[in-house]
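Engineer: Encoded as C-alpha cells, here's the structure I'll be asking about.
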Protein chains: 2
Amino acid sequence: MTTDTDRPAQPRIPLSRDRVLQAAVRLADDSGIDAVTMRRLASELGVEAMSLYYHVASKEELFDGMVDMVVAEIEERCGGFSVPGDLDWKSALRKRILTARQVMLRHPWAPGVLETRTTMSPRMVLYFDTVLGIMVEGGFSFDLGHHAMHALGSRVLGFNQELFAPDSDTQEDQADEMLAQMAERVPYIVGMMQEIVHDGPEETLGWCDDQTEFEFSLDLLLDGLEQRLG
Amino acid sequence: MTTDTDRPAQPRIPLSRDRVLQAAVRLADDSGIDAVTMRRLASELGVEAMSLYYHVASKEELFDGMVDMVVAEIEERCGGFSVPGDLDWKSALRKRILTARQVMLRHPWAPGVLETRTTMSPRMVLYFDTVLGIMVEGGFSFDLGHHAMHALGSRVLGFNQELFAPDSDTQEDQADEMLAQMAERVPYIVGMMQEIVHDGPEETLGWCDDQTEFEFSLDLLLDGLEQRLG
DNA sequence: ACCTGAACACCGTTCAAGT
DNA sequence: ACCTGAACACCGTTCAAGT
C-alpha cells in the first residue's frame, strides 16, 4: 500500500509557467514543432489542455516563451550578456554568433518560430544590445551598426535561413532528379553539382556542409563591414 | 428573362488548376495567407471545398503552386530567364535581384510560404540556374558560386528575411516602450534609436527604410564576393 | 470528367463549474 | 488558486455518391 496517489513516476509536481515552457521545448526538440499542440503538450504534462491556459495566455504566448527559453540558453553559454572589453569586435562577434549557432542547432524548430514572432522579449532585446555594443565599442557608428544588424539578419542569432527546407533524404533525391530530367536546361547547376560531388570530401553528406556555408557568409559579411568601417 | 443560369456576374467558367492558383494568390494578397483555407478559397470561387481537390492534391501542393505563380511573375518581369551576355555580373545580378524584390513586395505572404517549401518547382530551379550562370559567366568558380548562393540566401529572391515581423503599428509602439522601460539596461540600442530618429529624413516612417537596408546588405555581399573573386 | 454531402479526426479557445 | 468538462467554431482530408 502506498499513499493516496499511486501514479507511476511523478509524485505530483504542480504546473507552472516554467514547467509548461520546458515541456514545450522538449516536445518540439523530440517530435518537431507541429507536435506542439495544446492537447498534446497537456497530455505530456499529465493534465488537461485547458489547464495550460492558466499559465499561458495563448498558443502565441507559448511560442514567445519557448523562443525566450532558447535565448536564455544562449545567454547561459555566453556567460551572461555583456559587452567584453578585451577582444576586438570582429572575433568577439564571430565567437558570440557561433555560440548562438550551437544552441540553435539543438533546437531546429527555433528559427522557424522566431521568424513568426511579432514581438521581442526583454532578454532578446538585451542580446541585440550586446551585439550592437560590441560593434559600437569596436568603432562602428550607430548608423553602420544598424545597417550591420539588418545585413547579418538571422545570422546574428546563429542560423542561415535556408530558402528550402528539404527533409534530409529528399535533398539528394531531388538533386538526382534534376540532373536527370532537366539537365540540358540548367547547365550551370549541373556543372556546379558535378564539380562539388567530385571535389567534396567523403564526410560531406549531401553536397552542402552547413557549418562551412554559415561561416563563409558570416565572414563575408564581417569582412565587408570591416571595410565599410575604414 | 435570361437564360437558364441567372447567377449575378460569372456566367460559369469551369474550374482549372490555374484558376484555383490565381484565386489563391489574389486571396493571399488581399486578406493574408491565413485567409487561404480550402473552404474560404472554394467559396471565393463559388464552389465547394472538396472540388478543389480535383485540381490540387493537397494544401501543400496549393502552396507550391502559389509560389510558382510568383516566380513566373519574376520571370515575366525579367523578360524570361536567360543569362545576359552584355552586362557585367555585378550589375546584372543586382538588377535581377531588385526586380525579384519588386515582385515580392506585391506578395508579402510569399517569403513566409517559400521558406516552408520542401521542394523546388522546375521554374524555380531555372531561376537559380540563371543567377548562378550570371556569376559563372562573370568569372566565378562553381565553388564560389555555390557559396555565394548560400550567402545571398533569401536575397536572391528579393527579400531580406526580417527576424521579427511586427505589425506596422506595433513597430513604433514597441520602440517607445523599450526606451521607457529598459533604457538604462540597453544603452547601445537607445543610443542608436535616438541618433536615427534625429538624423532620419521626414519620409522614413518608423525608423527603418526597408529598401535602403535591402540594398545595403545586397551591396555588402556583392562587394565581398567581388573581392573573393580577385 | 468534374463536382458534392456527409463524415472523420483533428485544432485553439471560451466559459461556467468544480476543488 | 488551480484545474476541468463540455461545447463552439473552425481546420484539412477521405470516400462514396451524384451528374
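Numbering starts fresh at 1 for the residues of each chain in the C-alpha cells, the chains themselves are lettered A, B, ... in the order given, and ligands are numbered from 1 as they appear.
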Pull out every residue of chain D sitting within 10 Å of chain A, counting only C-alpha atoms (C1' of nucleotides), and send them as a list of chain:residue names.
Structural biologist: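 Taking only C-alpha atoms (C1' of nucleotides) into account, D:DC2, D:DC3, D:DT4, D:DG5 sit within 10 Å of chain A.
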Engineer: Mind writing the picked residues with N, CA and C atoms (P, O5', C5', C4', C3', O3' and C1' of nucleotides) as a tab-separated table (two decimals), in the first residue's frame?
Structural biologist:
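Saved the output as result14.tsv:
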chain	number	residue	atom	x	y	z
D	2	DC	P	-1.62	29.30	-8.19
D	2	DC	O5'	-2.57	28.20	-8.78
D	2	DC	C5'	-2.22	26.83	-8.58
D	2	DC	C4'	-3.37	25.97	-8.99
D	2	DC	C3'	-3.33	25.45	-10.42
D	2	DC	O3'	-2.87	24.11	-10.39
D	2	DC	C1'	-5.53	25.98	-9.71
D	3	DC	P	-2.45	23.40	-11.74
D	3	DC	O5'	-3.85	22.88	-12.23
D	3	DC	C5'	-4.34	21.67	-11.68
D	3	DC	C4'	-5.79	21.50	-12.04
D	3	DC	C3'	-6.06	20.99	-13.45
D	3	DC	O3'	-6.36	19.60	-13.35
D	3	DC	C1'	-7.66	22.64	-12.73
D	4	DT	P	-6.59	18.79	-14.68
D	4	DT	O5'	-8.14	19.06	-14.91
D	4	DT	C5'	-9.09	18.44	-14.07
D	4	DT	C4'	-10.48	18.81	-14.53
D	4	DT	C3'	-10.84	18.29	-15.93
D	4	DT	O3'	-11.89	17.38	-15.78
D	4	DT	C1'	-11.52	20.54	-15.62
D	5	DG	P	-12.09	16.17	-16.74
D	5	DG	O5'	-13.54	16.52	-17.30
D	5	DG	C5'	-14.38	17.41	-16.51
D	5	DG	C4'	-15.73	17.52	-17.14
D	5	DG	C3'	-15.96	16.72	-18.42
D	5	DG	O3'	-17.34	16.39	-18.49
D	5	DG	C1'	-15.80	19.05	-18.95
Engineer: If we count only C-alpha atoms (C1' of nucleotides), what is near A:Met69 at a cut-off of 8 Å, once residues fewer than 2 positions away on the same chain are taken out, given as a list in words?
Structural biologist: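 That gives Leu21, Gln22, Val25, Gly65, Met66, Val67, Val71, Ala72 and Glu73 of chain A.
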Engineer: Can those selected residues be exported to a file as a PDB file, in the first residue's frame so that it contains N, CA and C atoms?
Structural biologist:
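What follows is the written file again_11.pdb:
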ATOM      1  N   LEU A  21       6.721  25.671 -20.308  1.00  0.00           N
ATOM      2  CA  LEU A  21       7.648  26.054 -21.377  1.00  0.00           C
ATOM      3  C   LEU A  21       8.728  25.001 -21.599  1.00  0.00           C
ATOM      4  N   GLN A  22       9.262  24.494 -20.497  1.00  0.00           N
ATOM      5  CA  GLN A  22      10.299  23.469 -20.618  1.00  0.00           C
ATOM      6  C   GLN A  22       9.775  22.241 -21.354  1.00  0.00           C
ATOM      7  N   VAL A  25       9.427  22.974 -25.081  1.00  0.00           N
ATOM      8  CA  VAL A  25      10.712  22.951 -25.783  1.00  0.00           C
ATOM      9  C   VAL A  25      11.165  21.513 -26.009  1.00  0.00           C
ATOM     10  N   GLY A  65       7.327  32.282 -25.284  1.00  0.00           N
ATOM     11  CA  GLY A  65       8.059  31.750 -24.146  1.00  0.00           C
ATOM     12  C   GLY A  65       9.111  30.728 -24.559  1.00  0.00           C
ATOM     13  N   MET A  66       8.766  29.886 -25.520  1.00  0.00           N
ATOM     14  CA  MET A  66       9.719  28.883 -25.986  1.00  0.00           C
ATOM     15  C   MET A  66      10.959  29.539 -26.592  1.00  0.00           C
ATOM     16  N   VAL A  67      10.720  30.557 -27.412  1.00  0.00           N
ATOM     17  CA  VAL A  67      11.840  31.282 -28.007  1.00  0.00           C
ATOM     18  C   VAL A  67      12.703  31.904 -26.919  1.00  0.00           C
ATOM     19  N   VAL A  71      16.785  31.700 -26.098  1.00  0.00           N
ATOM     20  CA  VAL A  71      17.672  32.847 -25.906  1.00  0.00           C
ATOM     21  C   VAL A  71      18.379  32.762 -24.550  1.00  0.00           C
ATOM     22  N   ALA A  72      17.632  32.302 -23.570  1.00  0.00           N
ATOM     23  CA  ALA A  72      18.233  32.127 -22.239  1.00  0.00           C
ATOM     24  C   ALA A  72      19.385  31.130 -22.299  1.00  0.00           C
ATOM     25  N   GLU A  73      19.224  30.121 -23.122  1.00  0.00           N
ATOM     26  CA  GLU A  73      20.285  29.124 -23.273  1.00  0.00           C
ATOM     27  C   GLU A  73      21.525  29.752 -23.917  1.00  0.00           C
TER      28      GLU A  73
END
Engineer: Using only C-alpha atoms, which chain B residues lie at most 7 Å away from chain A, written as a CSV table (one decimal) with all heavy atoms, in the first residue's frame?
Structural biologist:
chain,number,residue,atom,x,y,z
B,114,LEU,N,7.4,30.5,-49.0
B,114,LEU,CA,8.6,30.0,-49.7
B,114,LEU,C,9.5,29.2,-48.7
B,114,LEU,O,10.0,28.2,-49.0
B,114,LEU,CB,9.3,31.2,-50.3
B,114,LEU,CG,9.8,31.0,-51.7
B,114,LEU,CD1,9.7,32.3,-52.4
B,114,LEU,CD2,11.3,30.5,-51.6
B,115,GLU,N,9.7,29.8,-47.5
B,115,GLU,CA,10.6,29.2,-46.6
B,115,GLU,C,10.1,27.8,-46.1
B,115,GLU,O,10.9,27.0,-45.6
B,115,GLU,CB,10.8,30.1,-45.4
B,115,GLU,CG,11.9,31.2,-45.7
B,115,GLU,CD,11.8,32.4,-44.8
B,115,GLU,OE1,11.0,32.3,-43.8
B,115,GLU,OE2,12.5,33.4,-45.0
B,116,THR,N,8.8,27.6,-46.2
B,116,THR,CA,8.3,26.3,-45.7
B,116,THR,C,8.2,25.3,-46.8
B,116,THR,O,7.9,24.1,-46.6
B,116,THR,CB,6.9,26.5,-45.1
B,116,THR,OG1,6.0,26.9,-46.1
B,116,THR,CG2,6.8,27.5,-44.0
B,117,ARG,N,8.5,25.7,-48.1
B,117,ARG,CA,8.5,24.7,-49.2
B,117,ARG,C,9.6,23.7,-48.9
B,117,ARG,O,10.7,24.0,-48.4
B,117,ARG,CB,8.8,25.4,-50.5
B,117,ARG,CG,7.6,26.3,-51.0
B,117,ARG,CD,6.3,25.7,-50.9
B,117,ARG,NE,5.7,25.8,-49.6
B,117,ARG,CZ,4.8,25.0,-49.1
B,117,ARG,NH1,4.3,24.0,-49.8
B,117,ARG,NH2,4.4,25.2,-47.9
B,118,THR,N,9.3,22.5,-49.4
B,118,THR,CA,10.3,21.4,-49.2
B,118,THR,C,10.8,20.9,-50.5
B,118,THR,O,11.7,20.1,-50.6
B,118,THR,CB,9.6,20.2,-48.4
B,118,THR,OG1,10.5,19.2,-48.3
B,118,THR,CG2,8.3,19.8,-49.1
B,119,THR,N,10.3,21.5,-51.6
B,119,THR,CA,10.7,21.1,-52.9
B,119,THR,C,10.7,22.4,-53.8
B,119,THR,O,10.0,23.3,-53.6
B,119,THR,CB,9.8,20.0,-53.4
B,119,THR,OG1,10.2,19.6,-54.7
B,119,THR,CG2,8.3,20.6,-53.5
B,126,LEU,N,15.2,26.8,-62.6
B,126,LEU,CA,15.6,27.6,-63.8
B,126,LEU,C,16.1,29.0,-63.3
B,126,LEU,O,17.1,29.5,-63.8
B,126,LEU,CB,14.4,27.7,-64.8
B,126,LEU,CG,14.8,27.9,-66.2
B,126,LEU,CD1,15.6,26.7,-66.7
B,126,LEU,CD2,13.6,28.1,-67.1
B,129,ASP,N,19.4,28.7,-61.8
B,129,ASP,CA,20.4,28.4,-62.8
B,129,ASP,C,20.9,29.7,-63.5
B,129,ASP,O,22.1,29.9,-63.7
B,129,ASP,CB,19.9,27.4,-63.8
B,129,ASP,CG,21.0,26.9,-64.7
B,129,ASP,OD1,21.9,26.2,-64.2
B,129,ASP,OD2,21.0,27.2,-65.9
B,132,LEU,N,23.1,31.7,-61.0
B,132,LEU,CA,24.4,31.0,-61.0
B,132,LEU,C,25.2,31.3,-62.3
B,132,LEU,O,26.4,31.6,-62.3
B,132,LEU,CB,24.3,29.5,-60.7
B,132,LEU,CG,25.5,28.7,-60.6
B,132,LEU,CD1,26.4,29.2,-59.5
B,132,LEU,CD2,25.2,27.2,-60.5
B,133,GLY,N,24.4,31.2,-63.4
B,133,GLY,CA,25.0,31.4,-64.7
B,133,GLY,C,25.6,32.8,-64.8
B,133,GLY,O,26.7,33.0,-65.4
B,142,PHE,N,32.7,27.4,-59.8
B,142,PHE,CA,31.4,26.8,-59.3
B,142,PHE,C,31.4,26.8,-57.8
B,142,PHE,O,30.3,27.0,-57.2
B,142,PHE,CB,31.3,25.4,-59.8
B,142,PHE,CG,30.9,25.3,-61.3
B,142,PHE,CD1,31.6,24.6,-62.2
B,142,PHE,CD2,29.7,25.8,-61.7
B,142,PHE,CE1,31.2,24.5,-63.5
B,142,PHE,CE2,29.3,25.8,-63.0
B,142,PHE,CZ,30.1,25.1,-63.9
B,147,HIS,N,28.9,29.0,-52.8
B,147,HIS,CA,28.9,29.7,-51.5
B,147,HIS,C,28.1,31.0,-51.7
B,147,HIS,O,27.4,31.4,-50.7
B,147,HIS,CB,30.4,30.1,-51.2
B,147,HIS,CG,31.2,29.0,-50.8
B,147,HIS,ND1,30.8,28.0,-50.0
B,147,HIS,CD2,32.6,28.7,-51.0
B,147,HIS,CE1,31.8,27.1,-49.7
B,147,HIS,NE2,32.9,27.6,-50.3
B,150,HIS,N,24.4,30.6,-51.1
B,150,HIS,CA,24.1,30.4,-49.7
B,150,HIS,C,24.2,31.8,-49.0
B,150,HIS,O,23.3,32.1,-48.1
B,150,HIS,CB,25.0,29.4,-49.0
B,150,HIS,CG,24.6,28.0,-49.3
B,150,HIS,ND1,23.6,27.4,-48.6
B,150,HIS,CD2,25.1,27.0,-50.2
B,150,HIS,CE1,23.5,26.1,-49.1
B,150,HIS,NE2,24.4,25.9,-50.0
B,151,ALA,N,25.2,32.5,-49.3
B,151,ALA,CA,25.4,33.8,-48.6
B,151,ALA,C,24.3,34.8,-48.9
B,151,ALA,O,23.8,35.4,-48.0
B,151,ALA,CB,26.7,34.4,-49.0
B,153,GLY,N,21.3,33.9,-49.8
B,153,GLY,CA,20.1,33.4,-49.2
B,153,GLY,C,18.9,33.9,-49.8
B,153,GLY,O,18.7,33.9,-51.0
B,154,SER,N,17.9,34.4,-49.0
B,154,SER,CA,16.7,34.9,-49.5
B,154,SER,C,16.8,36.1,-50.4
B,154,SER,O,15.9,36.4,-51.1
B,154,SER,CB,15.8,35.2,-48.3
B,154,SER,OG,16.3,36.2,-47.5
B,161,GLN,N,15.1,38.5,-45.1
B,161,GLN,CA,14.2,37.9,-44.1
B,161,GLN,C,14.4,38.7,-42.8
B,161,GLN,O,15.4,38.8,-42.2
B,161,GLN,CB,14.5,36.4,-44.0
B,161,GLN,CG,14.9,35.9,-42.6
B,161,GLN,CD,16.4,36.0,-42.4
B,161,GLN,OE1,17.0,36.8,-43.1
B,161,GLN,NE2,16.9,35.1,-41.6
B,162,GLU,N,13.3,39.3,-42.4
B,162,GLU,CA,13.3,40.0,-41.1
B,162,GLU,C,13.1,39.1,-40.0
B,162,GLU,O,12.3,38.1,-40.0
B,162,GLU,CB,12.1,41.0,-41.1
B,162,GLU,CG,12.2,42.1,-42.2
B,162,GLU,CD,13.4,43.0,-42.1
B,162,GLU,OE1,13.9,43.1,-41.0
B,162,GLU,OE2,13.8,43.6,-43.1
B,163,LEU,N,13.9,39.3,-38.9
B,163,LEU,CA,13.8,38.4,-37.8
B,163,LEU,C,12.5,38.5,-37.1
B,163,LEU,O,12.0,37.5,-36.6
B,163,LEU,CB,15.0,38.7,-36.8
B,163,LEU,CG,16.2,37.8,-37.1
B,163,LEU,CD1,17.2,38.0,-36.0
B,163,LEU,CD2,15.7,36.3,-37.1
B,164,PHE,N,12.0,39.7,-37.0
B,164,PHE,CA,10.7,39.8,-36.4
B,164,PHE,C,9.8,40.6,-37.4
B,164,PHE,O,10.2,41.5,-38.1
B,164,PHE,CB,10.7,40.6,-35.1
B,164,PHE,CG,11.5,39.9,-34.1
B,164,PHE,CD1,12.8,39.9,-34.0
B,164,PHE,CD2,10.8,39.1,-33.2
B,164,PHE,CE1,13.5,39.2,-33.0
B,164,PHE,CE2,11.4,38.3,-32.2
B,164,PHE,CZ,12.8,38.4,-32.1
B,165,ALA,N,8.5,40.1,-37.5
B,165,ALA,CA,7.6,40.7,-38.4
B,165,ALA,C,6.5,41.5,-37.7
B,165,ALA,O,5.4,41.0,-37.6
B,165,ALA,CB,7.0,39.7,-39.3
B,166,PRO,N,6.8,42.6,-37.1
B,166,PRO,CA,5.8,43.3,-36.3
B,166,PRO,C,4.8,43.9,-37.2
B,166,PRO,O,5.1,44.3,-38.3
B,166,PRO,CB,6.6,44.4,-35.6
B,166,PRO,CG,7.8,44.7,-36.5
B,166,PRO,CD,8.1,43.4,-37.2
B,186,VAL,N,19.9,48.9,-21.9
B,186,VAL,CA,20.2,48.7,-23.3
B,186,VAL,C,20.8,50.0,-23.9
B,186,VAL,O,20.1,50.5,-24.8
B,186,VAL,CB,19.1,48.1,-24.1
B,186,VAL,CG1,18.8,46.7,-23.7
B,186,VAL,CG2,17.8,49.0,-23.9
B,188,TYR,N,23.1,50.9,-25.9
B,188,TYR,CA,23.5,51.0,-27.3
B,188,TYR,C,22.3,51.1,-28.2
B,188,TYR,O,22.3,51.9,-29.1
B,188,TYR,CB,24.4,49.8,-27.7
B,188,TYR,CG,25.6,49.7,-26.9
B,188,TYR,CD1,25.8,48.7,-25.9
B,188,TYR,CD2,26.7,50.5,-27.1
B,188,TYR,CE1,27.0,48.7,-25.1
B,188,TYR,CE2,27.9,50.5,-26.4
B,188,TYR,CZ,28.0,49.5,-25.4
B,188,TYR,OH,29.2,49.5,-24.7
B,189,ILE,N,21.3,50.3,-27.9
B,189,ILE,CA,20.1,50.4,-28.7
B,189,ILE,C,19.4,51.8,-28.5
B,189,ILE,O,19.0,52.4,-29.5
B,189,ILE,CB,19.1,49.3,-28.3
B,189,ILE,CG1,19.6,47.9,-28.8
B,189,ILE,CG2,17.7,49.6,-28.9
B,189,ILE,CD1,18.7,46.8,-28.5
B,192,MET,N,21.4,54.3,-30.5
B,192,MET,CA,21.1,54.1,-31.9
B,192,MET,C,19.8,54.7,-32.3
B,192,MET,O,19.7,55.5,-33.3
B,192,MET,CB,21.2,52.6,-32.3
B,192,MET,CG,20.9,52.4,-33.7
B,192,MET,SD,20.9,50.6,-34.1
B,192,MET,CE,19.3,50.1,-33.5
B,213,GLU,N,17.9,49.3,-46.4
B,213,GLU,CA,18.5,48.2,-45.8
B,213,GLU,C,18.8,47.1,-46.7
B,213,GLU,O,19.9,46.4,-46.7
B,213,GLU,CB,17.7,47.7,-44.6
B,213,GLU,CG,17.5,48.7,-43.5
B,213,GLU,CD,18.8,49.3,-43.0
B,213,GLU,OE1,19.8,48.7,-43.1
B,213,GLU,OE2,18.7,50.5,-42.5
B,217,SER,N,22.7,45.6,-47.6
B,217,SER,CA,23.2,44.3,-47.4
B,217,SER,C,23.5,43.6,-48.7
B,217,SER,O,24.5,42.9,-48.8
B,217,SER,CB,22.3,43.4,-46.5
B,217,SER,OG,21.1,44.0,-46.4
B,220,LEU,N,26.8,45.0,-49.8
B,220,LEU,CA,27.8,44.5,-48.9
B,220,LEU,C,28.3,43.1,-49.4
B,220,LEU,O,29.5,42.8,-49.5
B,220,LEU,CB,27.3,44.4,-47.5
B,220,LEU,CG,28.2,44.1,-46.4
B,220,LEU,CD1,29.2,45.2,-46.2
B,220,LEU,CD2,27.5,43.9,-45.1
B,221,LEU,N,27.3,42.3,-49.7
B,221,LEU,CA,27.6,40.9,-50.2
B,221,LEU,C,28.2,40.9,-51.6
B,221,LEU,O,29.2,40.2,-51.8
B,221,LEU,CB,26.3,40.1,-50.2
B,221,LEU,CG,25.7,39.7,-48.8
B,221,LEU,CD1,24.3,39.3,-48.8
B,221,LEU,CD2,26.6,38.6,-48.2
B,224,GLY,N,31.7,42.0,-51.3
B,224,GLY,CA,32.5,41.0,-50.7
B,224,GLY,C,32.9,39.9,-51.7
B,224,GLY,O,34.0,39.4,-51.7
Engineer: Can you pull out the residues contacting D:DG12? Cut-off 9 Å, using only C-alpha atoms (C1' of nucleotides), and skip same-chain residues under 6 positions away; I want them as an MDAnalysis selection string.
Structural biologist: (chainID B and resid 37:38 58:59) or (chainID C and resid 10)
Engineer: Please produce a file of the residues just selected, as a PDB file, in the first residue's frame, where the atoms kept are N, CA and C atoms (P, O5', C5', C4', C3', O3' and C1' of nucleotides).
Structural biologist:
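Output contents, as saved in part27.pdb:
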ATOM      1  N   THR B  37      -7.769  29.280 -46.709  1.00  0.00           N
ATOM      2  CA  THR B  37      -8.155  27.937 -46.282  1.00  0.00           C
ATOM      3  C   THR B  37      -8.900  27.321 -47.458  1.00  0.00           C
ATOM      4  N   MET B  38      -8.968  26.025 -47.472  1.00  0.00           N
ATOM      5  CA  MET B  38      -9.624  25.361 -48.596  1.00  0.00           C
ATOM      6  C   MET B  38     -11.079  25.813 -48.704  1.00  0.00           C
ATOM      7  N   SER B  58      -3.356  18.658 -52.499  1.00  0.00           N
ATOM      8  CA  SER B  58      -3.393  18.956 -51.072  1.00  0.00           C
ATOM      9  C   SER B  58      -3.111  20.434 -50.879  1.00  0.00           C
ATOM     10  N   LYS B  59      -3.198  20.877 -49.652  1.00  0.00           N
ATOM     11  CA  LYS B  59      -2.923  22.287 -49.400  1.00  0.00           C
ATOM     12  C   LYS B  59      -1.446  22.600 -49.638  1.00  0.00           C
TER      13      LYS B  59
ATOM     14  P    DC C  10      -6.935  12.070 -34.482  1.00  0.00           P
ATOM     15  O5'  DC C  10      -7.672  13.254 -33.712  1.00  0.00           O
ATOM     16  C5'  DC C  10      -6.946  14.390 -33.264  1.00  0.00           C
ATOM     17  C4'  DC C  10      -6.841  15.439 -34.372  1.00  0.00           C
ATOM     18  C3'  DC C  10      -6.524  16.811 -33.818  1.00  0.00           C
ATOM     19  O3'  DC C  10      -5.104  16.937 -33.712  1.00  0.00           O
ATOM     20  C1'  DC C  10      -8.241  16.923 -35.501  1.00  0.00           C
TER      21       DC C  10
END
